[in-house]
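Okay, input_29.cif is below, mmCIF, C-alpha atoms (C1' of nucleotides):
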```cif
data_structure
loop_
_atom_site.label_atom_id
_atom_site.label_comp_id
_atom_site.auth_asym_id
_atom_site.auth_seq_id
_atom_site.Cartn_x
_atom_site.Cartn_y
_atom_site.Cartn_z
CA MET A 1371 -14.93 3.93 -29.66
CA ASP A 1372 -17.21 3.77 -26.64
CA THR A 1373 -18.05 0.16 -27.31
CA ARG A 1374 -16.33 -1.07 -24.20
CA LEU A 1375 -18.10 1.50 -22.06
CA ASN A 1376 -21.43 0.33 -23.46
CA LEU A 1377 -20.57 -3.29 -22.85
CA ILE A 1378 -19.74 -2.51 -19.25
CA ILE A 1379 -23.01 -0.64 -18.84
CA ASP A 1380 -24.98 -3.51 -20.31
CA SER A 1381 -23.19 -5.89 -18.02
CA LEU A 1382 -24.06 -3.71 -15.02
CA ARG A 1383 -27.75 -3.63 -15.93
CA GLN A 1384 -27.82 -7.38 -16.46
CA ARG A 1385 -26.56 -7.83 -12.93
CA ASP A 1386 -29.16 -5.44 -11.52
CA PHE A 1387 -26.68 -2.72 -10.87
CA ARG A 1388 -28.00 0.73 -11.58
CA VAL A 1389 -26.35 3.20 -13.86
CA THR A 1390 -26.61 6.43 -11.94
CA PRO A 1391 -25.17 9.66 -13.29
CA GLN A 1392 -22.36 9.58 -10.73
CA ARG A 1393 -21.54 5.99 -11.47
CA TYR A 1394 -21.61 6.60 -15.18
CA ALA A 1395 -19.33 9.60 -14.91
CA VAL A 1396 -16.85 7.81 -12.67
CA LEU A 1397 -16.68 4.68 -14.76
CA LYS A 1398 -16.41 6.60 -17.99
CA LEU A 1399 -13.49 8.56 -16.61
CA LEU A 1400 -11.85 5.43 -15.23
CA CYS A 1401 -12.29 3.45 -18.43
CA THR A 1402 -10.92 6.11 -20.73
CA SER A 1403 -8.23 7.98 -18.82
CA LYS A 1404 -4.64 7.32 -19.80
CA ALA A 1405 -3.37 9.09 -16.71
CA HIS A 1406 -3.83 6.29 -14.16
CA PRO A 1407 -5.70 8.64 -11.84
CA GLY A 1408 -6.17 8.04 -8.15
CA PRO A 1409 -9.37 8.39 -6.14
CA GLY A 1410 -8.58 12.03 -5.39
CA GLU A 1411 -8.06 12.94 -9.04
CA VAL A 1412 -11.28 11.26 -10.07
CA TYR A 1413 -13.10 13.06 -7.30
CA GLU A 1414 -11.63 16.46 -8.18
CA GLN A 1415 -12.28 16.12 -11.88
CA LEU A 1416 -15.94 15.24 -11.39
CA ARG A 1417 -16.66 17.61 -8.50
CA GLN A 1418 -17.51 20.43 -10.90
CA GLN A 1419 -20.07 18.31 -12.67
CA PHE A 1420 -21.36 16.69 -9.45
CA PRO A 1421 -20.82 19.08 -6.56
CA THR A 1422 -22.11 16.56 -4.03
CA LEU A 1423 -20.00 13.67 -5.28
CA SER A 1424 -18.23 11.87 -2.47
CA LEU A 1425 -14.95 10.01 -2.31
CA ALA A 1426 -16.85 7.01 -1.00
CA THR A 1427 -18.73 6.79 -4.28
CA VAL A 1428 -15.49 6.92 -6.22
CA TYR A 1429 -14.05 4.11 -4.14
CA LYS A 1430 -17.20 2.03 -4.44
CA THR A 1431 -17.45 2.46 -8.20
CA ALA A 1432 -13.80 1.56 -8.69
CA ALA A 1433 -14.27 -1.55 -6.53
CA LEU A 1434 -17.27 -2.50 -8.63
CA LEU A 1435 -15.29 -2.23 -11.85
CA ARG A 1436 -12.46 -4.14 -10.27
CA ASP A 1437 -14.80 -6.94 -9.25
CA MET A 1438 -16.09 -7.08 -12.82
CA GLY A 1439 -12.53 -7.51 -14.05
CA GLU A 1440 -12.64 -4.20 -15.86
CA LEU A 1441 -10.16 -2.29 -13.73
CA THR A 1442 -6.89 -2.94 -11.95
CA GLU A 1443 -5.97 -1.18 -8.75
CA LEU A 1444 -2.36 -0.14 -8.53
CA PRO A 1445 -1.43 0.35 -4.88
CA MET A 1446 1.56 2.67 -4.75
CA LYS A 1447 4.54 2.73 -2.39
CA ASP A 1448 3.15 5.72 -0.52
CA GLY A 1449 -0.06 3.95 0.38
CA THR A 1450 -2.25 5.64 -2.20
CA THR A 1451 -3.96 3.88 -5.07
CA ARG A 1452 -3.96 4.54 -8.81
CA TYR A 1453 -6.51 3.04 -11.15
CA ASP A 1454 -5.91 1.42 -14.50
CA GLY A 1455 -9.35 1.06 -16.05
CA ARG A 1456 -8.31 1.56 -19.62
CA ASN A 1457 -6.44 -1.72 -19.96
CA PRO A 1458 -7.26 -3.97 -17.03
CA ALA A 1459 -5.05 -6.83 -18.22
CA PRO A 1460 -1.68 -7.02 -16.45
CA HIS A 1461 0.99 -5.01 -18.21
CA PRO A 1462 4.18 -3.22 -17.17
CA HIS A 1463 4.31 0.40 -16.04
CA VAL A 1464 6.97 3.01 -15.52
CA ILE A 1465 6.53 5.18 -12.44
CA CYS A 1466 8.29 8.45 -11.74
CA ASN A 1467 9.83 8.56 -8.29
CA ARG A 1468 9.44 12.34 -8.12
CA CYS A 1469 6.07 13.28 -9.66
CA LEU A 1470 4.51 9.83 -9.35
CA LYS A 1471 3.44 9.82 -12.99
CA VAL A 1472 2.40 6.34 -14.16
CA MET A 1473 2.83 5.42 -17.82
CA ASP A 1474 2.29 2.42 -20.03
CA PHE A 1475 4.77 1.30 -22.62
CA ASP A 1476 4.89 -1.39 -25.25
CA ALA A 1477 6.63 -4.40 -23.83
CA PRO A 1478 7.23 -7.89 -25.12
CA PRO A 1479 5.06 -10.57 -23.52
CA LEU A 1480 6.25 -11.99 -20.22
CA ASP A 1481 4.84 -15.48 -20.61
CA PHE A 1482 8.25 -17.10 -20.48
CA LEU A 1483 8.92 -15.43 -17.14
CA GLN A 1484 5.57 -16.49 -15.82
CA GLN A 1485 6.28 -20.09 -16.79
CA GLU A 1486 9.67 -19.86 -15.16
CA ALA A 1487 8.00 -18.61 -11.97
CA ALA A 1488 5.42 -21.38 -12.06
CA SER A 1489 7.85 -24.21 -12.68
CA ALA A 1490 10.40 -22.93 -10.17
CA THR A 1491 7.90 -22.48 -7.33
CA GLY A 1492 4.92 -24.75 -8.04
CA PHE A 1493 2.59 -21.77 -7.92
CA HIS A 1494 -0.44 -21.51 -10.16
CA ILE A 1495 0.12 -18.03 -11.52
CA ALA A 1496 -2.91 -15.88 -12.26
CA GLY A 1497 -1.40 -12.48 -12.89
CA PHE A 1498 1.53 -10.21 -12.39
CA ARG A 1499 2.59 -6.68 -11.75
CA LEU A 1500 5.72 -5.13 -13.15
CA ASP A 1501 6.74 -1.57 -12.35
CA PHE A 1502 9.92 0.18 -13.38
CA PHE A 1503 10.85 3.08 -11.13
CA GLY A 1504 12.90 6.10 -12.07
CA LEU A 1505 12.63 9.70 -13.23
CA CYS A 1506 10.40 10.78 -16.07
CA PRO A 1507 11.74 13.18 -18.73
CA ASP A 1508 9.99 16.16 -17.12
CA CYS A 1509 11.58 15.43 -13.77
CA HIS A 1510 15.14 14.63 -14.78
CA ASN A 1511 15.35 17.73 -16.97
CA ASN A 1512 14.23 20.15 -14.29
CA MET B 1426 28.08 -16.49 6.58
CA ASP B 1427 27.42 -13.58 8.91
CA THR B 1428 29.87 -11.41 7.04
CA ARG B 1429 27.16 -9.20 5.69
CA LEU B 1430 25.64 -8.72 9.12
CA ASN B 1431 29.05 -7.64 10.42
CA LEU B 1432 29.55 -5.27 7.53
CA ILE B 1433 26.21 -3.66 8.25
CA ILE B 1434 27.07 -3.31 11.91
CA ASP B 1435 30.42 -1.74 11.10
CA SER B 1436 28.69 0.63 8.74
CA LEU B 1437 26.22 1.61 11.45
CA ARG B 1438 28.98 2.36 13.94
CA GLN B 1439 30.89 4.41 11.39
CA ARG B 1440 27.84 6.59 10.96
CA ASP B 1441 27.41 7.03 14.72
CA PHE B 1442 24.42 4.78 14.88
CA ARG B 1443 24.35 2.65 17.96
CA VAL B 1444 23.97 -1.07 17.98
CA THR B 1445 21.46 -1.73 20.70
CA PRO B 1446 20.34 -5.24 21.53
CA GLN B 1447 16.91 -4.57 20.02
CA ARG B 1448 18.40 -3.11 16.87
CA TYR B 1449 20.82 -5.97 16.52
CA ALA B 1450 18.11 -8.57 16.94
CA VAL B 1451 15.79 -6.89 14.46
CA LEU B 1452 18.41 -6.38 11.81
CA LYS B 1453 19.76 -9.87 12.20
CA LEU B 1454 16.32 -11.31 11.71
CA LEU B 1455 15.61 -9.03 8.76
CA CYS B 1456 18.92 -9.76 7.05
CA THR B 1457 18.70 -13.51 7.34
CA SER B 1458 15.04 -14.44 7.08
CA LYS B 1459 13.90 -16.06 3.85
CA ALA B 1460 10.25 -15.61 4.80
CA HIS B 1461 9.83 -11.97 3.82
CA PRO B 1462 8.35 -11.16 7.22
CA GLY B 1463 6.25 -8.12 7.95
CA PRO B 1464 6.56 -5.76 10.91
CA GLY B 1465 4.13 -7.83 12.93
CA GLU B 1466 6.03 -11.08 12.38
CA VAL B 1467 9.32 -9.49 13.34
CA TYR B 1468 7.70 -8.06 16.44
CA GLU B 1469 6.12 -11.35 17.46
CA GLN B 1470 9.26 -13.38 16.88
CA LEU B 1471 11.39 -11.09 19.02
CA ARG B 1472 8.84 -10.38 21.73
CA GLN B 1473 9.91 -13.43 23.72
CA GLN B 1474 13.51 -12.29 23.75
CA PHE B 1475 12.65 -8.59 24.29
CA PRO B 1476 9.34 -8.35 26.13
CA THR B 1477 9.33 -4.56 25.92
CA LEU B 1478 10.11 -4.41 22.20
CA SER B 1479 7.79 -2.07 20.35
CA LEU B 1480 6.48 -2.07 16.82
CA ALA B 1481 7.86 1.45 16.46
CA THR B 1482 11.37 0.11 16.93
CA VAL B 1483 10.78 -2.54 14.29
CA TYR B 1484 9.56 0.09 11.83
CA LYS B 1485 12.46 2.41 12.63
CA THR B 1486 15.09 -0.29 12.29
CA ALA B 1487 13.65 -1.44 8.99
CA ALA B 1488 13.63 2.15 7.72
CA LEU B 1489 17.25 2.50 8.77
CA LEU B 1490 18.25 -0.60 6.84
CA ARG B 1491 16.23 0.59 3.88
CA ASP B 1492 18.01 3.96 3.91
CA MET B 1493 21.34 2.13 3.97
CA GLY B 1494 20.29 0.21 0.87
CA GLU B 1495 20.32 -3.06 2.77
CA LEU B 1496 16.61 -3.80 2.72
CA THR B 1497 13.70 -3.43 0.34
CA GLU B 1498 10.20 -2.76 1.55
CA LEU B 1499 7.51 -4.66 -0.29
CA PRO B 1500 4.18 -2.89 0.16
CA MET B 1501 1.43 -5.43 -0.40
CA LYS B 1502 -2.00 -5.06 -1.97
CA ASP B 1503 -3.69 -5.17 1.41
CA GLY B 1504 -1.76 -2.19 2.72
CA THR B 1505 0.69 -4.14 4.85
CA THR B 1506 4.42 -4.28 4.29
CA ARG B 1507 6.80 -7.20 3.91
CA TYR B 1508 10.54 -6.84 4.23
CA ASP B 1509 13.22 -8.29 1.99
CA GLY B 1510 16.44 -7.78 3.87
CA ARG B 1511 18.19 -10.86 2.67
CA ASN B 1512 18.62 -9.75 -0.92
CA PRO B 1513 17.92 -6.04 -1.18
CA ALA B 1514 18.57 -5.86 -4.94
CA PRO B 1515 15.42 -5.85 -7.08
CA HIS B 1516 14.31 -9.33 -8.04
CA PRO B 1517 11.01 -11.01 -8.90
CA HIS B 1518 8.72 -12.61 -6.34
CA VAL B 1519 5.76 -14.95 -6.39
CA ILE B 1520 2.99 -14.09 -3.96
CA CYS B 1521 0.17 -16.38 -2.88
CA ASN B 1522 -3.23 -14.73 -3.15
CA ARG B 1523 -4.60 -16.84 -0.33
CA CYS B 1524 -1.93 -17.18 2.38
CA LEU B 1525 0.15 -14.18 1.27
CA LYS B 1526 3.36 -16.21 1.22
CA VAL B 1527 6.16 -14.39 -0.60
CA MET B 1528 8.86 -16.43 -2.32
CA ASP B 1529 11.93 -15.79 -4.42
CA PHE B 1530 12.75 -17.77 -7.52
CA ASP B 1531 15.60 -17.86 -9.97
CA ALA B 1532 14.77 -15.67 -12.91
CA PRO B 1533 16.71 -14.53 -15.95
CA PRO B 1534 17.86 -10.91 -15.81
CA LEU B 1535 15.37 -8.28 -16.91
CA ASP B 1536 17.84 -5.77 -18.33
CA PHE B 1537 16.38 -6.00 -21.81
CA LEU B 1538 12.96 -5.10 -20.44
CA GLN B 1539 14.39 -2.23 -18.47
CA GLN B 1540 16.08 -0.89 -21.59
CA GLU B 1541 12.84 -1.26 -23.48
CA ALA B 1542 11.06 0.73 -20.78
CA ALA B 1543 13.72 3.43 -20.82
CA SER B 1544 13.83 3.86 -24.57
CA ALA B 1545 10.07 3.72 -24.98
CA THR B 1546 9.33 6.31 -22.29
CA GLY B 1547 12.45 8.44 -21.84
CA PHE B 1548 12.57 7.55 -18.15
CA HIS B 1549 15.84 7.07 -16.32
CA ILE B 1550 15.13 3.76 -14.69
CA ALA B 1551 16.58 3.08 -11.26
CA GLY B 1552 14.83 -0.07 -10.17
CA PHE B 1553 11.87 -2.33 -10.63
CA ARG B 1554 9.42 -4.56 -8.90
CA LEU B 1555 7.99 -7.71 -10.40
CA ASP B 1556 5.44 -9.84 -8.59
CA PHE B 1557 3.63 -12.87 -9.91
CA PHE B 1558 0.35 -13.58 -8.15
CA GLY B 1559 -1.36 -16.91 -7.79
CA LEU B 1560 -1.81 -19.84 -5.46
CA CYS B 1561 1.08 -21.57 -3.75
CA PRO B 1562 1.24 -25.39 -3.70
CA ASP B 1563 -0.06 -25.52 -0.11
CA CYS B 1564 -3.08 -23.43 -1.01
CA HIS B 1565 -4.12 -24.96 -4.31
CA ASN B 1566 -3.94 -28.47 -2.86
CA ASN B 1567 -6.19 -27.73 0.09
"C1'" DT C 712 28.79 12.20 30.11
"C1'" DT C 713 25.99 12.89 26.30
"C1'" DA C 714 23.87 12.15 22.20
"C1'" DA C 715 21.10 8.51 20.26
"C1'" DG C 716 17.46 4.92 20.86
"C1'" DT C 717 13.47 2.85 23.05
"C1'" DG C 718 8.73 2.44 23.87
"C1'" DC C 719 4.38 4.25 24.83
"C1'" DA C 720 0.62 6.71 23.20
"C1'" DA C 721 -1.23 9.88 20.11
"C1'" DA C 722 -1.47 11.61 15.45
"C1'" DG C 723 -1.72 11.02 10.44
"C1'" DG C 724 -3.56 9.52 6.05
"C1'" DT C 725 -6.04 6.47 3.15
"C1'" DT C 726 -9.69 3.27 2.63
"C1'" DT C 727 -13.88 1.05 4.36
"C1'" DT C 728 -18.28 0.90 6.63
"C1'" DG C 729 -23.03 2.24 8.61
"C1'" DC C 730 -26.99 4.41 7.88
"C1'" DG C 731 -30.67 7.80 6.74
"C1'" DA C 732 -31.96 10.29 2.59
"C1'" DA C 733 -32.37 10.32 -2.35
"C1'" DA C 734 -33.27 8.34 -6.78
"C1'" DC C 735 -33.05 4.79 -10.51
"C1'" DT C 736 -35.88 1.11 -12.77
"C1'" DA D 649 -43.17 0.83 -4.92
"C1'" DG D 650 -39.25 -1.27 -3.87
"C1'" DT D 651 -34.25 -1.57 -3.91
"C1'" DT D 652 -30.25 0.20 -4.87
"C1'" DT D 653 -27.13 3.96 -4.39
"C1'" DC D 654 -25.50 8.31 -2.58
"C1'" DG D 655 -23.06 10.97 0.60
"C1'" DC D 656 -21.86 12.18 5.12
"C1'" DA D 657 -19.46 10.99 9.11
"C1'" DA D 658 -17.37 7.68 11.88
"C1'" DA D 659 -14.54 3.63 12.13
"C1'" DA D 660 -10.68 0.83 10.87
"C1'" DC D 661 -6.11 -0.03 9.62
"C1'" DC D 662 -1.26 0.47 9.22
"C1'" DT D 663 2.47 3.59 9.77
"C1'" DT D 664 4.71 7.66 11.56
"C1'" DT D 665 5.69 10.97 15.05
"C1'" DG D 666 6.50 13.33 19.76
"C1'" DC D 667 8.43 12.98 23.93
"C1'" DA D 668 10.22 11.47 28.48
"C1'" DC D 669 13.12 7.80 30.00
"C1'" DT D 670 16.84 4.77 29.18
"C1'" DT D 671 21.25 3.40 27.46
"C1'" DA D 672 25.25 2.59 24.29
"C1'" DA D 673 29.69 4.54 23.45
#
```
Show me the file's structure as structure tokens.
Amino acid sequence: MDTRLNLIIDSLRQRDFRVTPQRYAVLKLLCTSKAHPGPGEVYEQLRQQFPTLSLATVYKTAALLRDMGELTELPMKDGTTRYDGRNPAPHPHVICNRCLKVMDFDAPPLDFLQQEAASATGFHIAGFRLDFFGLCPDCHNN
Amino acid sequence: MDTRLNLIIDSLRQRDFRVTPQRYAVLKLLCTSKAHPGPGEVYEQLRQQFPTLSLATVYKTAALLRDMGELTELPMKDGTTRYDGRNPAPHPHVICNRCLKVMDFDAPPLDFLQQEAASATGFHIAGFRLDFFGLCPDCHNN
DNA sequence: TTAAGTGCAAAGGTTTTGCGAAACT
DNA sequence: AGTTTCGCAAAACCTTTGCACTTAA
């Protein structure tokens, strides 16, 4: 259940990073949320629990997780960022053009495409990002 | 060869947009370049020909082409933008993590994935973006 | 002639950074 | 006790906007 969270915390301590209450709260939210929250959402959701929490701390904690390979940043068209800390491995998303909702979905593996890209270009491919854009059910029904 | 450029120019005139020398130069560069240039590159390349050219004009011309459906903006991880005005339809790219080169490659159609995304999420999908990240031949050999 | 475009400079918005104060180990 | 981290505020960065001057049609 919270095994992954504990592993991340152990890994932090091993690297002489401290597990402060703010850091713990931010990384727990980031690692468990399905909503692909942005810095602002993380900040707002934890403000009640930590009235002095700053956006800078949110950014720094997310960058730390990203550097550990435990979170992917998803820069959006509008210049904002959304975090995917629940499943940091590359996977496709659908993104609503109106409400900016970001969702996962089950997709077949893209290895064949990656190999096509590598052989066609000579690149050494390390990752990918695939977003489908459109309108979510909520938005195209209202 | 330059048929598409002429079609775009006709379309501009029909909509009471004017074809100024700056606008013509920017859109010609954007519509023909294979290099996926950013605003800065467009600006630098045309500066010699138009010493008073401004970045604002580059941005505005690109936005105009984008609104006509003749150009796709590719926001990058680092917050900058690259333009794809040569083939505005969605298609995959490979992007070098070191030199930030952006390249096209021939890829099989992704319709099946798009249908998977639509049926799995209920979204009405209108487009996609697929980037593979890695090191280009120049960068992994040096 | 006149409405649209250019270019400069300022504004806007998000993310990053510097640094003194606080706090984890 | 000694570092790390926090949080505030300022800086940095790219992009957009406002406006007077210029110019295409």
Do you know which residues lie at most 10 Å from (9.9, 13.3, -9.8), with coordinates as in the file and all atoms listed in the file counted, and could you write them as a list in words?
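Protein, DNA and RNA residues close to (9.9, 13.3, -9.8): Ile1465, Cys1466, Asn1467, Arg1468, Cys1469, Leu1470, Lys1471, Gly1504, Leu1505, Cys1506, Pro1507, Asp1508, Cys1509, His1510 and Asn1512 of chain A.
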Please define a box with edges along x, y and z of the file around all atoms of range 1476-1486 of chain B given in the file, extend it by 3 Å on each side, and return its centre and edge lengths in Å to one decimal, as lines of an AutoDock Vina configuration file.
```
center_x = 10.8
center_y = -3.0
center_z = 19.0
size_x = 14.6
size_y = 16.8
size_z = 20.3
```
Check every residue of chain C for an atom within 9 Å of chain B, counting only C-alpha atoms (C1' of nucleotides), and provide those that qualify as a ChimeraX atom specification.
/C:715-719
Can you give me, as a PyMOL selection string, the residues this file yields under the PyMOL selection byres ((chain A) within 10 of (chain B))?
chain A and resi 1443-1451+1462-1467+1473-1478+1480+1482-1484+1486-1510
Compile a residue-level contact table for chain D against chain A at a cut-off of 10 Å, reporting for every qualifying residue the shortest atom pair and its distance in Å to one decimal, with all atoms listed in the file counted, rows ordered by chain and ascending number, as CSV.
```
residue,atom,partner,partner_atom,distance
D:DT651,C1',A:Asp1386,CA,9.9
D:DT652,C1',A:Arg1388,CA,7.1
D:DT653,C1',A:Arg1388,CA,7.9
D:DC654,C1',A:Thr1427,CA,7.1
D:DG655,C1',A:Ser1424,CA,5.8
D:DC656,C1',A:Ser1424,CA,8.4
D:DC662,C1',A:Gly1449,CA,9.6
D:DT663,C1',A:Gly1449,CA,9.7
```
Which neighbours of Val1483 in chain B fall inside 7 Å, counting all atoms listed in the file, when residues of the same chain fewer than 3 positions from it are skipped, and could you give them as an NGL selection string?
:B and (1451 or 1464 or 1468 or 1479-1480 or 1486-1487)
Expected file contents, prior selection, C-alpha atoms, as a PDB file, in the frame of the given file:
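Generated output (result-v6.pdb):
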```pdb
ATOM      1  CA  VAL B1451      15.790  -6.890  14.460  1.00  0.00           C
ATOM      2  CA  PRO B1464       6.560  -5.760  10.910  1.00  0.00           C
ATOM      3  CA  TYR B1468       7.700  -8.060  16.440  1.00  0.00           C
ATOM      4  CA  SER B1479       7.790  -2.070  20.350  1.00  0.00           C
ATOM      5  CA  LEU B1480       6.480  -2.070  16.820  1.00  0.00           C
ATOM      6  CA  THR B1486      15.090  -0.290  12.290  1.00  0.00           C
ATOM      7  CA  ALA B1487      13.650  -1.440   8.990  1.00  0.00           C
TER       8      ALA B1487
END
```
Can you list, as a PyMOL selection string, every protein, DNA or RNA residue that comes within 10 Å of Met1438 in chain A when you count only C-alpha atoms (C1' of nucleotides), leaving out same-chain residues fewer than 3 positions away?
chain A and resi 1378+1381-1382+1432-1435+1441
12 Å contact set for Thr1373 in chain A, only C-alpha atoms (C1' of nucleotides), chain neighbours under 5 positions out, as number ranges by chain
A: 1378-1380, 1398, 1401-1402
